Amino acid sequence: MRALPGGLRVRDVVIDVGVLLLVSLAAFAPFSREPAAPHGWTVLPGMVLAGVVLLARRRLPLTVLVVCVAIGPAAMLLGQPYTPAFALPVAIAMYTVARHRSRAVTVTAAAALVVLLPIEELVGRGLDAAELTSPATLQPAVLIAFAAALGSAIRSYFDALESARERARKAEESRESEARRRVAEDRLAIARDLHDSVAHRIAVINLQTGVAARSLRSDPAEAEEAITIVGDAARSVLTELNDMLGLLRTTAGRDIVDEPDFGRIEGLLALFARSGLKVHVRVDGTPRPLDGRLGAIAYRVVQEGLTNAYKHGADRTAELQLDYAEEGLIIRITNPLSDPPAPIGADGHGLVGMRERLEEVDGGLALDTTEGRFRVVATLPGGAA
């Protein structure tokens, strides 16, 4: 809506001018057929005054209502004859109060006017109390009640409309927030899977490259074996990266990355064994299959724990204990620390990712570096398939 100088809207100005003209012309309306009915020019000044006062009804609705009610008695005190036309500006002011003030204020003001205006009608027309319930006497009261009801109904309509708009706005914000959250979760999932899939192979390449460099002249056979392991690890990295990129291009309506299966843990252990890490496995309790999500997390925990043992262990050995208890699966990975110990901080991306994965399923992670050994204890809830 176009605005005028001073913050006024064109629509409001047009309505105000229309109200002023309507109230002024009401002075000439034939409200009464009695011979003593006042002439329009006689009451016109009072009606024009009421129309001018109504221009402030949006800013001061209650004050304008009181002034409009007082204009009729004031005109009679000044010697002007009574006219029912004075009820029209009162009804317009009552409508404005109902639109912009609380329901309690509206009901109180309307009830007071429904009682007051018939009395004013009796006094102005010189009638006795027996005429109080006549249709002509009650017309102003009916007009005020109708104006209050109309204003309240329109106020309720606009309140409901604003409430619907606010709910739509919050729903849109919620959708945007949910979209941002999903994007953040997808990015975190990609980062974790890239780390889990690639970190071990990169560690193998780094260590075996050093072995090859040291053994190239003194032990060519060992150097050749190390180079073979490096090649296998590099090809495995490239394959996993290509698979993941292809999966990202084709993923729709499902998880960003496919999770591994704990049932394939033997293949993971064989890969570590070929890379030079001796893993002593111990199983307590009765092994049982895990559901898809828990199985993937258990696989990643073993992968990350053994990768740390491979990178930071003293003699390329590690102990893997799988404890199948009634409350869930406990995974313990222990390896001797080098002397001096290599830095294995809890801030590492692998350990952070491991902790995040476990917290997603209400699991837990504990780290211990006492007695010259590094121990990872991961607890997963029941979740048997």
# chains A, B, ... in the order shown; residues from 1 in each chain; ligands from 1

call {"tool": "residues_around", "arguments": {"residues": "Leu60 in chain A", "least_positions_apart": "2", "cutoff": "12 Å", "atoms": "only C-alpha atoms", "output": "PyMOL selection string"}}
result
chain A and resi 53-58+62-67+93-94+96-97+100-101

call {"tool": "residues_around", "arguments": {"residues": "Ala98 in chain A", "least_positions_apart": "5", "cutoff": "9 Å", "atoms": "only C-alpha atoms", "output": "ChimeraX atom specification"}}
result
/A:93,103,105-107,147-155

call {"tool": "closest_residue", "arguments": {"among": "A:Arg182, A:Arg282, A:Arg192, A:Arg187", "to": "Val352 in chain A", "atoms": "only C-alpha atoms"}}
result
A:Arg192

call {"tool": "atom_distance", "arguments": {"atom1": "CA of Thr42 in chain A", "atom2": "CA of Ala27 in chain A"}}
result
8.4 Å

call {"tool": "residues_around", "arguments": {"residues": "range 9-25 of chain A", "least_positions_apart": "5", "cutoff": "10 Å", "atoms": "only C-alpha atoms", "output": "PyMOL selection string"}}
result
chain A and resi 1-4+40+43-58+85-89+92

call {"tool": "select_by_dssp", "arguments": {"residues": "range 95-320 of chain A", "states": "alpha helix (DSSP H)", "output": "MDAnalysis selection string"}}
result
chainID A and resid 95:100 103:125 135:215 220:250 265:275 292:312

call {"tool": "residues_around", "arguments": {"residues": "Asp232 in chain A", "least_positions_apart": "6", "cutoff": "12 Å", "atoms": "only C-alpha atoms", "output": "list in words"}}
result
Arg201, Ile202, Val204, Ile205, Gln208, Glu225, Ala226, Leu238, Thr239, Leu271, Arg274 and Ser275 of chain A

call {"tool": "atom_distance", "arguments": {"atom1": "CA of Val123 in chain A", "atom2": "CA of Pro61 in chain A"}}
result
26.5 Å

call {"tool": "residues_around", "arguments": {"residues": "Leu294 in chain A", "least_positions_apart": "2", "cutoff": "10 Å", "atoms": "only C-alpha atoms", "output": "JSON, numbers by chain"}}
result
{"A": [261, 262, 289, 290, 291, 292, 296, 297, 298, 299, 300, 329, 357, 358, 360, 361, 363, 380, 381, 382, 383, 384, 385]}

call {"tool": "atom_distance", "arguments": {"atom1": "CA of Ala273 in chain A", "atom2": "CA of Leu365 in chain A"}}
result
25.0 Å

call {"tool": "decode", "arguments": {"residues": "range 184-324 of chain A", "atoms": "C-alpha atoms", "output": "PDB file, in the first residue's frame"}}
result
ATOM      1  CA  ALA A 184      25.771 -30.597   7.926  1.00  0.00           C
ATOM      2  CA  GLU A 185      25.058 -34.229   8.818  1.00  0.00           C
ATOM      3  CA  ASP A 186      25.808 -35.334   5.258  1.00  0.00           C
ATOM      4  CA  ARG A 187      29.091 -33.434   5.242  1.00  0.00           C
ATOM      5  CA  LEU A 188      30.038 -34.984   8.579  1.00  0.00           C
ATOM      6  CA  ALA A 189      29.147 -38.469   7.293  1.00  0.00           C
ATOM      7  CA  ILE A 190      31.282 -37.949   4.173  1.00  0.00           C
ATOM      8  CA  ALA A 191      34.210 -36.702   6.258  1.00  0.00           C
ATOM      9  CA  ARG A 192      34.032 -39.616   8.662  1.00  0.00           C
ATOM     10  CA  ASP A 193      33.780 -42.219   5.941  1.00  0.00           C
ATOM     11  CA  LEU A 194      36.600 -40.676   3.959  1.00  0.00           C
ATOM     12  CA  HIS A 195      38.775 -40.745   7.064  1.00  0.00           C
ATOM     13  CA  ASP A 196      37.804 -44.271   8.051  1.00  0.00           C
ATOM     14  CA  SER A 197      38.267 -45.622   4.536  1.00  0.00           C
ATOM     15  CA  VAL A 198      41.488 -43.850   3.640  1.00  0.00           C
ATOM     16  CA  ALA A 199      43.375 -43.301   6.905  1.00  0.00           C
ATOM     17  CA  HIS A 200      44.520 -46.919   7.288  1.00  0.00           C
ATOM     18  CA  ARG A 201      45.736 -47.175   3.680  1.00  0.00           C
ATOM     19  CA  ILE A 202      47.601 -43.869   3.917  1.00  0.00           C
ATOM     20  CA  ALA A 203      49.259 -45.023   7.148  1.00  0.00           C
ATOM     21  CA  VAL A 204      50.290 -48.269   5.445  1.00  0.00           C
ATOM     22  CA  ILE A 205      51.721 -46.367   2.473  1.00  0.00           C
ATOM     23  CA  ASN A 206      53.632 -44.013   4.762  1.00  0.00           C
ATOM     24  CA  LEU A 207      55.173 -46.739   6.917  1.00  0.00           C
ATOM     25  CA  GLN A 208      55.911 -49.191   4.117  1.00  0.00           C
ATOM     26  CA  THR A 209      57.542 -46.448   2.063  1.00  0.00           C
ATOM     27  CA  GLY A 210      59.932 -45.870   4.956  1.00  0.00           C
ATOM     28  CA  VAL A 211      60.603 -49.613   5.190  1.00  0.00           C
ATOM     29  CA  ALA A 212      61.344 -49.743   1.452  1.00  0.00           C
ATOM     30  CA  ALA A 213      63.696 -46.760   1.653  1.00  0.00           C
ATOM     31  CA  ARG A 214      65.667 -48.317   4.503  1.00  0.00           C
ATOM     32  CA  SER A 215      65.803 -51.799   2.988  1.00  0.00           C
ATOM     33  CA  LEU A 216      66.391 -50.917  -0.646  1.00  0.00           C
ATOM     34  CA  ARG A 217      70.119 -51.725  -0.527  1.00  0.00           C
ATOM     35  CA  SER A 218      70.467 -53.917   2.528  1.00  0.00           C
ATOM     36  CA  ASP A 219      67.449 -56.186   1.938  1.00  0.00           C
ATOM     37  CA  PRO A 220      65.981 -55.830  -1.593  1.00  0.00           C
ATOM     38  CA  ALA A 221      63.442 -58.608  -0.932  1.00  0.00           C
ATOM     39  CA  GLU A 222      61.971 -56.750   2.048  1.00  0.00           C
ATOM     40  CA  ALA A 223      61.964 -53.521   0.059  1.00  0.00           C
ATOM     41  CA  GLU A 224      60.158 -55.245  -2.814  1.00  0.00           C
ATOM     42  CA  GLU A 225      57.543 -56.636  -0.431  1.00  0.00           C
ATOM     43  CA  ALA A 226      57.029 -53.185   1.118  1.00  0.00           C
ATOM     44  CA  ILE A 227      56.621 -51.621  -2.338  1.00  0.00           C
ATOM     45  CA  THR A 228      54.051 -54.299  -3.226  1.00  0.00           C
ATOM     46  CA  ILE A 229      52.089 -53.481  -0.081  1.00  0.00           C
ATOM     47  CA  VAL A 230      52.278 -49.778  -0.954  1.00  0.00           C
ATOM     48  CA  GLY A 231      50.915 -50.475  -4.426  1.00  0.00           C
ATOM     49  CA  ASP A 232      48.062 -52.572  -3.083  1.00  0.00           C
ATOM     50  CA  ALA A 233      47.174 -49.898  -0.532  1.00  0.00           C
ATOM     51  CA  ALA A 234      47.295 -47.139  -3.169  1.00  0.00           C
ATOM     52  CA  ARG A 235      45.019 -49.092  -5.502  1.00  0.00           C
ATOM     53  CA  SER A 236      42.637 -49.755  -2.614  1.00  0.00           C
ATOM     54  CA  VAL A 237      42.521 -46.037  -1.799  1.00  0.00           C
ATOM     55  CA  LEU A 238      41.804 -45.120  -5.416  1.00  0.00           C
ATOM     56  CA  THR A 239      39.084 -47.769  -5.650  1.00  0.00           C
ATOM     57  CA  GLU A 240      37.342 -46.582  -2.492  1.00  0.00           C
ATOM     58  CA  LEU A 241      37.540 -42.934  -3.567  1.00  0.00           C
ATOM     59  CA  ASN A 242      36.097 -43.751  -6.974  1.00  0.00           C
ATOM     60  CA  ASP A 243      33.332 -45.826  -5.408  1.00  0.00           C
ATOM     61  CA  MET A 244      32.482 -43.060  -2.970  1.00  0.00           C
ATOM     62  CA  LEU A 245      32.435 -40.346  -5.651  1.00  0.00           C
ATOM     63  CA  GLY A 246      30.227 -42.501  -7.830  1.00  0.00           C
ATOM     64  CA  LEU A 247      27.931 -43.132  -4.909  1.00  0.00           C
ATOM     65  CA  LEU A 248      27.689 -39.407  -4.177  1.00  0.00           C
ATOM     66  CA  ARG A 249      26.690 -38.722  -7.778  1.00  0.00           C
ATOM     67  CA  THR A 250      23.945 -41.342  -7.777  1.00  0.00           C
ATOM     68  CA  THR A 251      22.665 -41.125  -4.189  1.00  0.00           C
ATOM     69  CA  ALA A 252      19.029 -40.088  -3.989  1.00  0.00           C
ATOM     70  CA  GLY A 253      16.597 -40.638  -1.156  1.00  0.00           C
ATOM     71  CA  ARG A 254      19.003 -42.672   0.990  1.00  0.00           C
ATOM     72  CA  ASP A 255      22.134 -42.304   3.114  1.00  0.00           C
ATOM     73  CA  ILE A 256      25.067 -40.480   1.599  1.00  0.00           C
ATOM     74  CA  VAL A 257      27.451 -43.414   1.954  1.00  0.00           C
ATOM     75  CA  ASP A 258      27.031 -47.157   2.279  1.00  0.00           C
ATOM     76  CA  GLU A 259      28.214 -48.498   5.608  1.00  0.00           C
ATOM     77  CA  PRO A 260      30.410 -51.612   5.934  1.00  0.00           C
ATOM     78  CA  ASP A 261      29.282 -54.840   7.562  1.00  0.00           C
ATOM     79  CA  PHE A 262      30.720 -56.207  10.799  1.00  0.00           C
ATOM     80  CA  GLY A 263      30.290 -59.656   9.307  1.00  0.00           C
ATOM     81  CA  ARG A 264      33.245 -58.834   7.020  1.00  0.00           C
ATOM     82  CA  ILE A 265      35.600 -58.146   9.937  1.00  0.00           C
ATOM     83  CA  GLU A 266      37.792 -61.115   8.973  1.00  0.00           C
ATOM     84  CA  GLY A 267      38.674 -59.409   5.700  1.00  0.00           C
ATOM     85  CA  LEU A 268      39.671 -56.267   7.594  1.00  0.00           C
ATOM     86  CA  LEU A 269      41.892 -58.272   9.937  1.00  0.00           C
ATOM     87  CA  ALA A 270      43.498 -60.006   6.961  1.00  0.00           C
ATOM     88  CA  LEU A 271      44.265 -56.630   5.407  1.00  0.00           C
ATOM     89  CA  PHE A 272      45.980 -55.467   8.600  1.00  0.00           C
ATOM     90  CA  ALA A 273      47.910 -58.742   8.824  1.00  0.00           C
ATOM     91  CA  ARG A 274      49.203 -58.313   5.278  1.00  0.00           C
ATOM     92  CA  SER A 275      50.218 -54.744   6.117  1.00  0.00           C
ATOM     93  CA  GLY A 276      52.384 -56.036   8.985  1.00  0.00           C
ATOM     94  CA  LEU A 277      50.135 -55.704  12.032  1.00  0.00           C
ATOM     95  CA  LYS A 278      49.750 -58.852  14.132  1.00  0.00           C
ATOM     96  CA  VAL A 279      46.293 -58.881  15.697  1.00  0.00           C
ATOM     97  CA  HIS A 280      45.485 -61.314  18.487  1.00  0.00           C
ATOM     98  CA  VAL A 281      41.740 -61.814  18.570  1.00  0.00           C
ATOM     99  CA  ARG A 282      39.789 -62.963  21.601  1.00  0.00           C
ATOM    100  CA  VAL A 283      36.032 -63.502  21.646  1.00  0.00           C
ATOM    101  CA  ASP A 284      34.059 -63.777  24.897  1.00  0.00           C
ATOM    102  CA  GLY A 285      30.432 -64.746  24.977  1.00  0.00           C
ATOM    103  CA  THR A 286      28.322 -66.051  22.119  1.00  0.00           C
ATOM    104  CA  PRO A 287      28.866 -64.138  18.857  1.00  0.00           C
ATOM    105  CA  ARG A 288      25.694 -62.861  17.280  1.00  0.00           C
ATOM    106  CA  PRO A 289      24.958 -60.758  14.224  1.00  0.00           C
ATOM    107  CA  LEU A 290      24.400 -57.033  14.698  1.00  0.00           C
ATOM    108  CA  ASP A 291      21.840 -54.961  12.878  1.00  0.00           C
ATOM    109  CA  GLY A 292      23.003 -52.809   9.966  1.00  0.00           C
ATOM    110  CA  ARG A 293      23.765 -49.574  11.826  1.00  0.00           C
ATOM    111  CA  LEU A 294      25.432 -51.145  14.864  1.00  0.00           C
ATOM    112  CA  GLY A 295      27.390 -53.512  12.638  1.00  0.00           C
ATOM    113  CA  ALA A 296      28.741 -50.630  10.572  1.00  0.00           C
ATOM    114  CA  ILE A 297      29.764 -48.685  13.695  1.00  0.00           C
ATOM    115  CA  ALA A 298      31.468 -51.747  15.209  1.00  0.00           C
ATOM    116  CA  TYR A 299      33.393 -52.258  11.941  1.00  0.00           C
ATOM    117  CA  ARG A 300      34.548 -48.627  11.921  1.00  0.00           C
ATOM    118  CA  VAL A 301      35.599 -48.801  15.583  1.00  0.00           C
ATOM    119  CA  VAL A 302      37.786 -51.844  14.953  1.00  0.00           C
ATOM    120  CA  GLN A 303      39.208 -50.252  11.796  1.00  0.00           C
ATOM    121  CA  GLU A 304      40.137 -47.002  13.532  1.00  0.00           C
ATOM    122  CA  GLY A 305      41.497 -48.720  16.664  1.00  0.00           C
ATOM    123  CA  LEU A 306      43.741 -51.052  14.676  1.00  0.00           C
ATOM    124  CA  THR A 307      44.861 -48.164  12.452  1.00  0.00           C
ATOM    125  CA  ASN A 308      46.032 -46.303  15.567  1.00  0.00           C
ATOM    126  CA  ALA A 309      47.809 -49.438  16.748  1.00  0.00           C
ATOM    127  CA  TYR A 310      49.483 -49.770  13.337  1.00  0.00           C
ATOM    128  CA  LYS A 311      50.584 -46.144  13.296  1.00  0.00           C
ATOM    129  CA  HIS A 312      51.598 -45.677  16.933  1.00  0.00           C
ATOM    130  CA  GLY A 313      52.237 -49.167  18.343  1.00  0.00           C
ATOM    131  CA  ALA A 314      55.657 -50.275  19.489  1.00  0.00           C
ATOM    132  CA  ASP A 315      56.043 -53.667  17.775  1.00  0.00           C
ATOM    133  CA  ARG A 316      53.192 -53.810  15.229  1.00  0.00           C
ATOM    134  CA  THR A 317      51.035 -55.929  17.535  1.00  0.00           C
ATOM    135  CA  ALA A 318      47.551 -55.389  18.888  1.00  0.00           C
ATOM    136  CA  GLU A 319      44.953 -57.256  20.895  1.00  0.00           C
ATOM    137  CA  LEU A 320      41.308 -57.241  19.818  1.00  0.00           C
ATOM    138  CA  GLN A 321      38.781 -58.469  22.376  1.00  0.00           C
ATOM    139  CA  LEU A 322      35.113 -58.817  21.479  1.00  0.00           C
ATOM    140  CA  ASP A 323      32.877 -59.266  24.521  1.00  0.00           C
ATOM    141  CA  TYR A 324      29.305 -60.258  23.622  1.00  0.00           C
TER     142      TYR A 324
END
